[in-house]
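Trainee: Sending over coords.cif (mmCIF, N, CA and C atoms).
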data_work
loop_
_atom_site.label_atom_id
_atom_site.label_comp_id
_atom_site.auth_asym_id
_atom_site.auth_seq_id
_atom_site.Cartn_x
_atom_site.Cartn_y
_atom_site.Cartn_z
N MET X 1 0.84 -1.20 0.00
CA MET X 1 0.00 0.00 0.00
C MET X 1 0.88 1.24 0.00
N ASP X 2 0.86 1.92 -1.07
CA ASP X 2 1.60 3.16 -1.25
C ASP X 2 3.10 2.98 -1.13
N GLY X 3 3.61 1.75 -1.20
CA GLY X 3 5.03 1.51 -1.15
C GLY X 3 5.67 1.74 0.21
N MET X 4 4.91 2.10 1.23
CA MET X 4 5.46 2.33 2.55
C MET X 4 5.69 0.98 3.23
N PRO X 5 6.86 0.77 3.83
CA PRO X 5 7.12 -0.51 4.48
C PRO X 5 6.23 -0.70 5.70
N GLY X 6 6.08 -1.94 6.10
CA GLY X 6 5.30 -2.24 7.27
C GLY X 6 4.12 -3.12 6.93
N LEU X 7 3.45 -3.56 7.96
CA LEU X 7 2.32 -4.46 7.81
C LEU X 7 1.02 -3.68 7.82
N SER X 8 0.07 -4.15 7.03
CA SER X 8 -1.29 -3.61 7.13
C SER X 8 -1.92 -4.19 8.39
N ILE X 9 -3.04 -3.64 8.80
CA ILE X 9 -3.70 -4.14 10.01
C ILE X 9 -4.16 -5.59 9.81
N GLY X 10 -4.58 -5.94 8.61
CA GLY X 10 -4.97 -7.32 8.33
C GLY X 10 -3.80 -8.28 8.44
N MET X 11 -2.64 -7.86 7.92
CA MET X 11 -1.44 -8.69 8.01
C MET X 11 -1.01 -8.83 9.47
N LEU X 12 -1.10 -7.74 10.22
CA LEU X 12 -0.75 -7.78 11.64
C LEU X 12 -1.68 -8.74 12.38
N ALA X 13 -2.96 -8.69 12.05
CA ALA X 13 -3.93 -9.58 12.70
C ALA X 13 -3.58 -11.04 12.43
N ARG X 14 -3.29 -11.35 11.18
CA ARG X 14 -2.93 -12.74 10.83
C ARG X 14 -1.65 -13.18 11.53
N ARG X 15 -0.66 -12.32 11.51
CA ARG X 15 0.64 -12.67 12.10
C ARG X 15 0.56 -12.81 13.62
N SER X 16 -0.26 -12.00 14.26
CA SER X 16 -0.32 -12.00 15.73
C SER X 16 -1.41 -12.91 16.29
N GLY X 17 -2.38 -13.28 15.46
CA GLY X 17 -3.49 -14.08 15.97
C GLY X 17 -4.52 -13.25 16.73
N VAL X 18 -4.49 -11.95 16.55
CA VAL X 18 -5.41 -11.03 17.22
C VAL X 18 -6.31 -10.41 16.15
N LYS X 19 -7.61 -10.35 16.41
CA LYS X 19 -8.55 -9.83 15.43
C LYS X 19 -8.33 -8.34 15.17
N VAL X 20 -8.67 -7.92 13.96
CA VAL X 20 -8.52 -6.52 13.55
C VAL X 20 -9.27 -5.60 14.52
N GLU X 21 -10.51 -5.96 14.86
CA GLU X 21 -11.30 -5.11 15.76
C GLU X 21 -10.62 -4.97 17.12
N THR X 22 -9.98 -6.05 17.58
CA THR X 22 -9.30 -6.02 18.87
C THR X 22 -8.07 -5.12 18.79
N ILE X 23 -7.35 -5.17 17.69
CA ILE X 23 -6.18 -4.30 17.51
C ILE X 23 -6.62 -2.84 17.57
N ARG X 24 -7.69 -2.51 16.88
CA ARG X 24 -8.20 -1.11 16.91
C ARG X 24 -8.62 -0.71 18.32
N TYR X 25 -9.27 -1.64 19.02
CA TYR X 25 -9.68 -1.37 20.41
C TYR X 25 -8.44 -1.13 21.28
N TYR X 26 -7.42 -1.97 21.14
CA TYR X 26 -6.20 -1.80 21.92
C TYR X 26 -5.55 -0.44 21.64
N GLU X 27 -5.65 0.03 20.42
CA GLU X 27 -5.13 1.37 20.10
C GLU X 27 -5.94 2.44 20.82
N ARG X 28 -7.26 2.29 20.81
CA ARG X 28 -8.13 3.29 21.45
C ARG X 28 -7.89 3.38 22.95
N VAL X 29 -7.64 2.22 23.60
CA VAL X 29 -7.50 2.23 25.06
C VAL X 29 -6.05 2.35 25.53
N GLY X 30 -5.13 2.56 24.59
CA GLY X 30 -3.75 2.82 24.96
C GLY X 30 -2.89 1.59 25.22
N ILE X 31 -3.34 0.42 24.84
CA ILE X 31 -2.52 -0.79 24.97
C ILE X 31 -1.50 -0.84 23.84
N MET X 32 -1.95 -0.48 22.64
CA MET X 32 -1.09 -0.45 21.46
C MET X 32 -0.79 1.00 21.10
N PRO X 33 0.46 1.28 20.75
CA PRO X 33 0.76 2.64 20.30
C PRO X 33 0.14 2.89 18.92
N LYS X 34 -0.17 4.12 18.65
CA LYS X 34 -0.71 4.47 17.34
C LYS X 34 0.34 4.17 16.27
N PRO X 35 -0.05 3.51 15.21
CA PRO X 35 0.91 3.18 14.16
C PRO X 35 1.17 4.36 13.24
N ALA X 36 2.24 4.25 12.48
CA ALA X 36 2.50 5.23 11.42
C ALA X 36 1.40 5.07 10.37
N ARG X 37 1.22 6.08 9.58
CA ARG X 37 0.22 6.02 8.51
C ARG X 37 0.91 6.24 7.17
N SER X 38 0.40 5.53 6.18
CA SER X 38 0.91 5.73 4.82
C SER X 38 0.39 7.07 4.31
N PRO X 39 0.93 7.57 3.21
CA PRO X 39 0.44 8.83 2.67
C PRO X 39 -1.07 8.82 2.39
N SER X 40 -1.62 7.63 2.10
CA SER X 40 -3.07 7.58 1.85
C SER X 40 -3.86 7.26 3.11
N GLY X 41 -3.20 7.22 4.27
CA GLY X 41 -3.91 7.08 5.53
C GLY X 41 -4.01 5.67 6.09
N TYR X 42 -3.44 4.68 5.43
CA TYR X 42 -3.49 3.31 5.94
C TYR X 42 -2.54 3.16 7.12
N ARG X 43 -2.99 2.39 8.12
CA ARG X 43 -2.12 2.08 9.25
C ARG X 43 -0.98 1.17 8.75
N ARG X 44 0.24 1.42 9.25
CA ARG X 44 1.39 0.60 8.91
C ARG X 44 2.07 0.18 10.21
N TYR X 45 2.19 -1.12 10.41
CA TYR X 45 2.72 -1.68 11.65
C TYR X 45 4.08 -2.31 11.43
N GLY X 46 4.88 -2.30 12.49
CA GLY X 46 6.21 -2.89 12.43
C GLY X 46 6.35 -4.07 13.36
N PRO X 47 7.54 -4.63 13.43
CA PRO X 47 7.78 -5.81 14.28
C PRO X 47 7.50 -5.54 15.76
N GLU X 48 7.68 -4.31 16.19
CA GLU X 48 7.41 -3.99 17.59
C GLU X 48 5.92 -4.15 17.92
N HIS X 49 5.05 -3.91 16.95
CA HIS X 49 3.62 -4.10 17.15
C HIS X 49 3.28 -5.59 17.28
N VAL X 50 3.93 -6.40 16.45
CA VAL X 50 3.71 -7.85 16.52
C VAL X 50 4.15 -8.36 17.88
N LYS X 51 5.31 -7.92 18.33
CA LYS X 51 5.84 -8.34 19.63
C LYS X 51 4.92 -7.90 20.77
N ARG X 52 4.44 -6.68 20.70
CA ARG X 52 3.57 -6.15 21.76
C ARG X 52 2.25 -6.90 21.80
N LEU X 53 1.68 -7.20 20.63
CA LEU X 53 0.44 -7.96 20.60
C LEU X 53 0.64 -9.37 21.16
N GLY X 54 1.79 -9.96 20.89
CA GLY X 54 2.10 -11.26 21.48
C GLY X 54 2.14 -11.19 22.99
N PHE X 55 2.72 -10.13 23.52
CA PHE X 55 2.77 -9.90 24.96
C PHE X 55 1.36 -9.80 25.53
N VAL X 56 0.53 -8.99 24.89
CA VAL X 56 -0.83 -8.78 25.37
C VAL X 56 -1.65 -10.07 25.27
N ARG X 57 -1.53 -10.75 24.14
CA ARG X 57 -2.29 -12.00 23.96
C ARG X 57 -1.90 -13.02 25.02
N ARG X 58 -0.61 -13.18 25.26
CA ARG X 58 -0.15 -14.15 26.27
C ARG X 58 -0.60 -13.70 27.66
N GLY X 59 -0.52 -12.42 27.94
CA GLY X 59 -0.98 -11.91 29.23
C GLY X 59 -2.46 -12.18 29.45
N ARG X 60 -3.26 -11.99 28.40
CA ARG X 60 -4.70 -12.27 28.49
C ARG X 60 -4.94 -13.76 28.74
N GLU X 61 -4.15 -14.62 28.06
CA GLU X 61 -4.27 -16.06 28.27
C GLU X 61 -3.98 -16.43 29.72
N LEU X 62 -3.10 -15.69 30.36
CA LEU X 62 -2.77 -15.94 31.77
C LEU X 62 -3.73 -15.24 32.72
N GLY X 63 -4.72 -14.56 32.16
CA GLY X 63 -5.76 -13.96 32.98
C GLY X 63 -5.49 -12.55 33.46
N PHE X 64 -4.46 -11.91 32.95
CA PHE X 64 -4.20 -10.53 33.35
C PHE X 64 -5.23 -9.63 32.68
N GLY X 65 -5.78 -8.70 33.44
CA GLY X 65 -6.71 -7.72 32.90
C GLY X 65 -5.98 -6.68 32.07
N LEU X 66 -6.73 -5.96 31.26
CA LEU X 66 -6.11 -4.93 30.41
C LEU X 66 -5.45 -3.83 31.23
N ASP X 67 -6.03 -3.47 32.36
CA ASP X 67 -5.42 -2.43 33.19
C ASP X 67 -4.05 -2.87 33.71
N VAL X 68 -3.96 -4.13 34.13
CA VAL X 68 -2.68 -4.66 34.61
C VAL X 68 -1.67 -4.69 33.47
N LEU X 69 -2.11 -5.18 32.31
CA LEU X 69 -1.21 -5.23 31.16
C LEU X 69 -0.76 -3.85 30.73
N ARG X 70 -1.69 -2.89 30.77
CA ARG X 70 -1.32 -1.51 30.43
C ARG X 70 -0.24 -1.01 31.39
N GLY X 71 -0.42 -1.31 32.67
CA GLY X 71 0.58 -0.90 33.66
C GLY X 71 1.93 -1.56 33.42
N LEU X 72 1.93 -2.85 33.11
CA LEU X 72 3.19 -3.53 32.80
C LEU X 72 3.85 -2.94 31.57
N LEU X 73 3.04 -2.67 30.56
CA LEU X 73 3.60 -2.09 29.33
C LEU X 73 4.14 -0.68 29.58
N GLN X 74 3.51 0.07 30.46
CA GLN X 74 4.03 1.40 30.78
C GLN X 74 5.39 1.29 31.47
N LEU X 75 5.52 0.27 32.35
CA LEU X 75 6.82 0.04 32.97
C LEU X 75 7.87 -0.28 31.93
N VAL X 76 7.52 -1.19 31.00
CA VAL X 76 8.45 -1.60 29.95
C VAL X 76 8.76 -0.42 29.03
N ASP X 77 7.73 0.32 28.64
CA ASP X 77 7.94 1.45 27.73
C ASP X 77 8.84 2.51 28.35
N GLY X 78 8.69 2.72 29.64
CA GLY X 78 9.50 3.71 30.33
C GLY X 78 10.87 3.19 30.70
N ASP X 79 11.08 1.89 30.46
CA ASP X 79 12.33 1.22 30.82
C ASP X 79 12.69 1.52 32.26
N ASP X 80 11.65 1.59 33.10
CA ASP X 80 11.83 1.97 34.50
C ASP X 80 11.15 0.93 35.38
N TYR X 81 11.61 -0.31 35.29
CA TYR X 81 11.00 -1.35 36.10
C TYR X 81 12.07 -2.29 36.62
N THR X 82 11.71 -2.97 37.69
CA THR X 82 12.60 -3.99 38.24
C THR X 82 11.83 -5.31 38.24
N CYS X 83 12.57 -6.36 38.43
CA CYS X 83 11.91 -7.67 38.54
C CYS X 83 10.98 -7.68 39.76
N ALA X 84 11.32 -6.92 40.79
CA ALA X 84 10.46 -6.84 41.97
C ALA X 84 9.10 -6.25 41.62
N ASP X 85 9.08 -5.25 40.73
CA ASP X 85 7.81 -4.66 40.29
C ASP X 85 6.95 -5.71 39.59
N VAL X 86 7.55 -6.45 38.70
CA VAL X 86 6.84 -7.47 37.93
C VAL X 86 6.42 -8.62 38.84
N HIS X 87 7.29 -8.98 39.79
CA HIS X 87 6.98 -10.05 40.74
C HIS X 87 5.72 -9.72 41.53
N GLU X 88 5.60 -8.48 41.95
CA GLU X 88 4.43 -8.05 42.72
C GLU X 88 3.14 -8.26 41.92
N VAL X 89 3.16 -7.89 40.66
CA VAL X 89 2.00 -8.06 39.79
C VAL X 89 1.69 -9.55 39.59
N ALA X 90 2.73 -10.34 39.33
CA ALA X 90 2.53 -11.77 39.11
C ALA X 90 2.05 -12.47 40.38
N ALA X 91 2.57 -12.07 41.53
CA ALA X 91 2.16 -12.67 42.80
C ALA X 91 0.68 -12.36 43.08
N ALA X 92 0.25 -11.16 42.75
CA ALA X 92 -1.16 -10.81 42.94
C ALA X 92 -2.04 -11.66 42.03
N ARG X 93 -1.61 -11.88 40.80
CA ARG X 93 -2.38 -12.73 39.87
C ARG X 93 -2.42 -14.16 40.38
N LEU X 94 -1.30 -14.67 40.90
CA LEU X 94 -1.26 -16.02 41.45
C LEU X 94 -2.25 -16.16 42.61
N ALA X 95 -2.32 -15.15 43.47
CA ALA X 95 -3.26 -15.19 44.59
C ALA X 95 -4.70 -15.25 44.08
N GLU X 96 -5.00 -14.50 43.02
CA GLU X 96 -6.34 -14.55 42.42
C GLU X 96 -6.65 -15.96 41.90
N ILE X 97 -5.67 -16.56 41.23
CA ILE X 97 -5.86 -17.90 40.67
C ILE X 97 -6.08 -18.91 41.79
N GLU X 98 -5.29 -18.82 42.84
CA GLU X 98 -5.45 -19.75 43.96
C GLU X 98 -6.82 -19.59 44.62
N GLY X 99 -7.31 -18.36 44.70
CA GLY X 99 -8.66 -18.13 45.24
C GLY X 99 -9.72 -18.76 44.36
N LYS X 100 -9.57 -18.63 43.05
CA LYS X 100 -10.54 -19.24 42.13
C LYS X 100 -10.50 -20.75 42.20
N ILE X 101 -9.30 -21.32 42.35
CA ILE X 101 -9.19 -22.78 42.49
C ILE X 101 -9.90 -23.25 43.75
N ALA X 102 -9.72 -22.53 44.85
CA ALA X 102 -10.41 -22.89 46.09
C ALA X 102 -11.93 -22.81 45.90
N ASP X 103 -12.39 -21.76 45.22
CA ASP X 103 -13.83 -21.62 44.95
C ASP X 103 -14.34 -22.78 44.09
N LEU X 104 -13.57 -23.16 43.08
CA LEU X 104 -13.98 -24.27 42.21
C LEU X 104 -14.00 -25.59 42.96
N LYS X 105 -13.07 -25.79 43.87
CA LYS X 105 -13.07 -27.03 44.67
C LYS X 105 -14.32 -27.10 45.55
N ARG X 106 -14.70 -25.96 46.14
CA ARG X 106 -15.93 -25.92 46.95
C ARG X 106 -17.14 -26.21 46.06
N LEU X 107 -17.16 -25.60 44.89
CA LEU X 107 -18.27 -25.81 43.96
C LEU X 107 -18.34 -27.28 43.55
N ARG X 108 -17.20 -27.89 43.29
CA ARG X 108 -17.17 -29.31 42.91
C ARG X 108 -17.74 -30.18 44.03
N ARG X 109 -17.38 -29.89 45.28
CA ARG X 109 -17.92 -30.68 46.40
C ARG X 109 -19.44 -30.57 46.48
N VAL X 110 -19.94 -29.36 46.34
CA VAL X 110 -21.39 -29.14 46.40
C VAL X 110 -22.08 -29.86 45.25
N MET X 111 -21.56 -29.70 44.04
CA MET X 111 -22.17 -30.36 42.88
C MET X 111 -22.09 -31.88 42.98
N ALA X 112 -20.96 -32.39 43.46
CA ALA X 112 -20.82 -33.84 43.61
C ALA X 112 -21.84 -34.37 44.62
N GLY X 113 -22.06 -33.64 45.69
CA GLY X 113 -23.06 -34.04 46.68
C GLY X 113 -24.46 -34.03 46.09
N MET X 114 -24.78 -33.01 45.30
CA MET X 114 -26.10 -32.93 44.67
C MET X 114 -26.30 -34.08 43.69
N VAL X 115 -25.29 -34.35 42.89
CA VAL X 115 -25.40 -35.43 41.90
C VAL X 115 -25.51 -36.78 42.59
N ALA X 116 -24.76 -36.96 43.68
CA ALA X 116 -24.81 -38.25 44.40
C ALA X 116 -26.18 -38.50 45.00
N GLN X 117 -26.87 -37.43 45.38
CA GLN X 117 -28.20 -37.59 45.98
C GLN X 117 -29.28 -37.84 44.95
N CYS X 118 -28.97 -37.62 43.70
CA CYS X 118 -29.97 -37.75 42.65
C CYS X 118 -30.23 -39.22 42.35
N SER X 119 -31.50 -39.61 42.45
CA SER X 119 -31.89 -41.00 42.18
C SER X 119 -32.32 -41.19 40.74
N ARG X 120 -32.34 -40.12 39.98
CA ARG X 120 -32.77 -40.12 38.58
C ARG X 120 -34.24 -40.55 38.44
N GLY X 121 -34.98 -40.25 39.49
CA GLY X 121 -36.40 -40.59 39.48
C GLY X 121 -37.23 -39.49 38.85
N ARG X 122 -38.41 -39.28 39.37
CA ARG X 122 -39.33 -38.27 38.87
C ARG X 122 -38.87 -36.87 39.28
N VAL X 123 -39.17 -35.89 38.46
CA VAL X 123 -38.73 -34.51 38.68
C VAL X 123 -39.17 -33.95 40.04
N PRO X 124 -40.38 -34.19 40.52
CA PRO X 124 -40.75 -33.59 41.81
C PRO X 124 -39.86 -34.03 42.96
N ASP X 125 -39.16 -35.13 42.81
CA ASP X 125 -38.30 -35.62 43.89
C ASP X 125 -36.82 -35.38 43.60
N CYS X 126 -36.50 -34.47 42.73
CA CYS X 126 -35.11 -34.27 42.29
C CYS X 126 -34.34 -33.41 43.30
N PRO X 127 -33.32 -33.97 43.96
CA PRO X 127 -32.55 -33.19 44.93
C PRO X 127 -31.75 -32.06 44.30
N VAL X 128 -31.38 -32.20 43.03
CA VAL X 128 -30.64 -31.12 42.37
C VAL X 128 -31.53 -29.89 42.25
N ILE X 129 -32.75 -30.10 41.79
CA ILE X 129 -33.71 -28.99 41.67
C ILE X 129 -34.01 -28.41 43.05
N GLU X 130 -34.20 -29.26 44.02
CA GLU X 130 -34.50 -28.78 45.37
C GLU X 130 -33.32 -27.94 45.92
N ALA X 131 -32.11 -28.38 45.68
CA ALA X 131 -30.95 -27.65 46.15
C ALA X 131 -30.85 -26.28 45.49
N LEU X 132 -31.21 -26.20 44.20
CA LEU X 132 -31.16 -24.92 43.51
C LEU X 132 -32.22 -23.95 44.04
N PHE X 133 -33.34 -24.49 44.53
CA PHE X 133 -34.37 -23.62 45.11
C PHE X 133 -34.03 -23.13 46.51
N GLN X 134 -33.06 -23.72 47.14
CA GLN X 134 -32.72 -23.32 48.53
C GLN X 134 -31.98 -22.02 48.55
#
Take the structure from the file and write it as structure tokens.
Mentor:
Amino acid sequence: MDGMPGLSIGMLARRSGVKVETIRYYERVGIMPKPARSPSGYRRYGPEHVKRLGFVRRGRELGFGLDVLRGLLQLVDGDDYTCADVHEVAAARLAEIEGKIADLKRLRRVMAGMVAQCSRGRVPDCPVIEALFQ
């Protein structure tokens, strides 16, 4: 497009595995820096955009929220961070995960008890339904 080097947004989406709409959203909310534009106004992305999207995608897979990722990226962009800063963020995420695991274990116990009580008989005598009404 116009001979300007760089990737189009569609090429960036394919290369990064992130949808075009998501890339535009990340630009609007400050996760992705605004790209250069070709003389005709097309967005042109470089390898740094691919790398950043990989960071964000992996962070999302690990359950980090956009605000946390934005904060991490600001640390990286400012080149003003220590491993202790990143450790604090990761430790907080780990605590959230451990809390969710504990909640899921409790939920599993409750569901297992409800299923074990079910005789698979007639609906009016269903302990699962009765438990949900409690």
Trainee: Name every residue that the PyMOL selection byres (((chain X and resi 127 and name CA) around 7) and name CA) selects in this structure, writing the answer as a ChimeraX atom specification with chains first and numbers rising.
Mentor: /X:114,117-118,125-126,128-131
Trainee: Evaluate the PyMOL selection byres (((chain X and resi 20-29 and name CA) around 10) and name CA) against this structure - the residues, as a ChimeraX atom specification, please.
Mentor: /X:9-14,16-19,30-35,49,53,56,66-67,70
Trainee: On this file, the PyMOL selection byres ((chain X and resi 6) around 6) gives some set of residues; write that set as a ChimeraX atom specification.
Mentor: /X:4-5,7-8,44-46
Trainee: Among chain X, which ones does DSSP place in strand (DSSP E), written as a ChimeraX atom specification?
Mentor: /X:36-37,43-44
Trainee: Please indicate the distance in Å from atom C of X:Leu107 to atom CA of X:Val68, rounded to one decimal place.
Mentor: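 Spanning atom C of X:Leu107 to atom CA of X:Val68 is a straight-line distance of 28.9 Å.
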Trainee: Calculate how many Å separate atom CA of X:Phe55 from atom CA of X:Ala95, rounding to one decimal.
Mentor: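 Answer for the atom CA of X:Phe55 to atom CA of X:Ala95 separation: 21.2 Å.
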Trainee: Using DSSP assignments from the backbone, pull out every residue in stretch 29-131 of chain X that falls under alpha helix (DSSP H) and give it to me as number ranges by chain.
Mentor: X: 47-61, 66-77, 83-117, 127-131
Trainee: Just how far from atom CA of X:Glu96 is atom C of X:Gly78, in Å to one decimal?
Mentor: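 Atom CA of X:Glu96 lies at a distance of 27.4 Å from atom C of X:Gly78.
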Trainee: Around all the atoms of stretch 29-46 of chain X listed in the file, with 3 Å of room on each side, what axis-aligned box do you get, giving centre and edge lengths in Å to one decimal, as lines of an AutoDock Vina configuration file?
Mentor:
center_x = -0.6
center_y = 2.4
center_z = 13.7
size_x = 20.0
size_y = 18.9
size_z = 29.7
Trainee: What's around X:Arg93 at 8 Å? Count only N, CA and C atoms, leave out sequence neighbours fewer than 5 positions away in its own chain, and write the answer as an MDAnalysis selection string.
Mentor: chainID X and resid 62:64 87:88 98:99
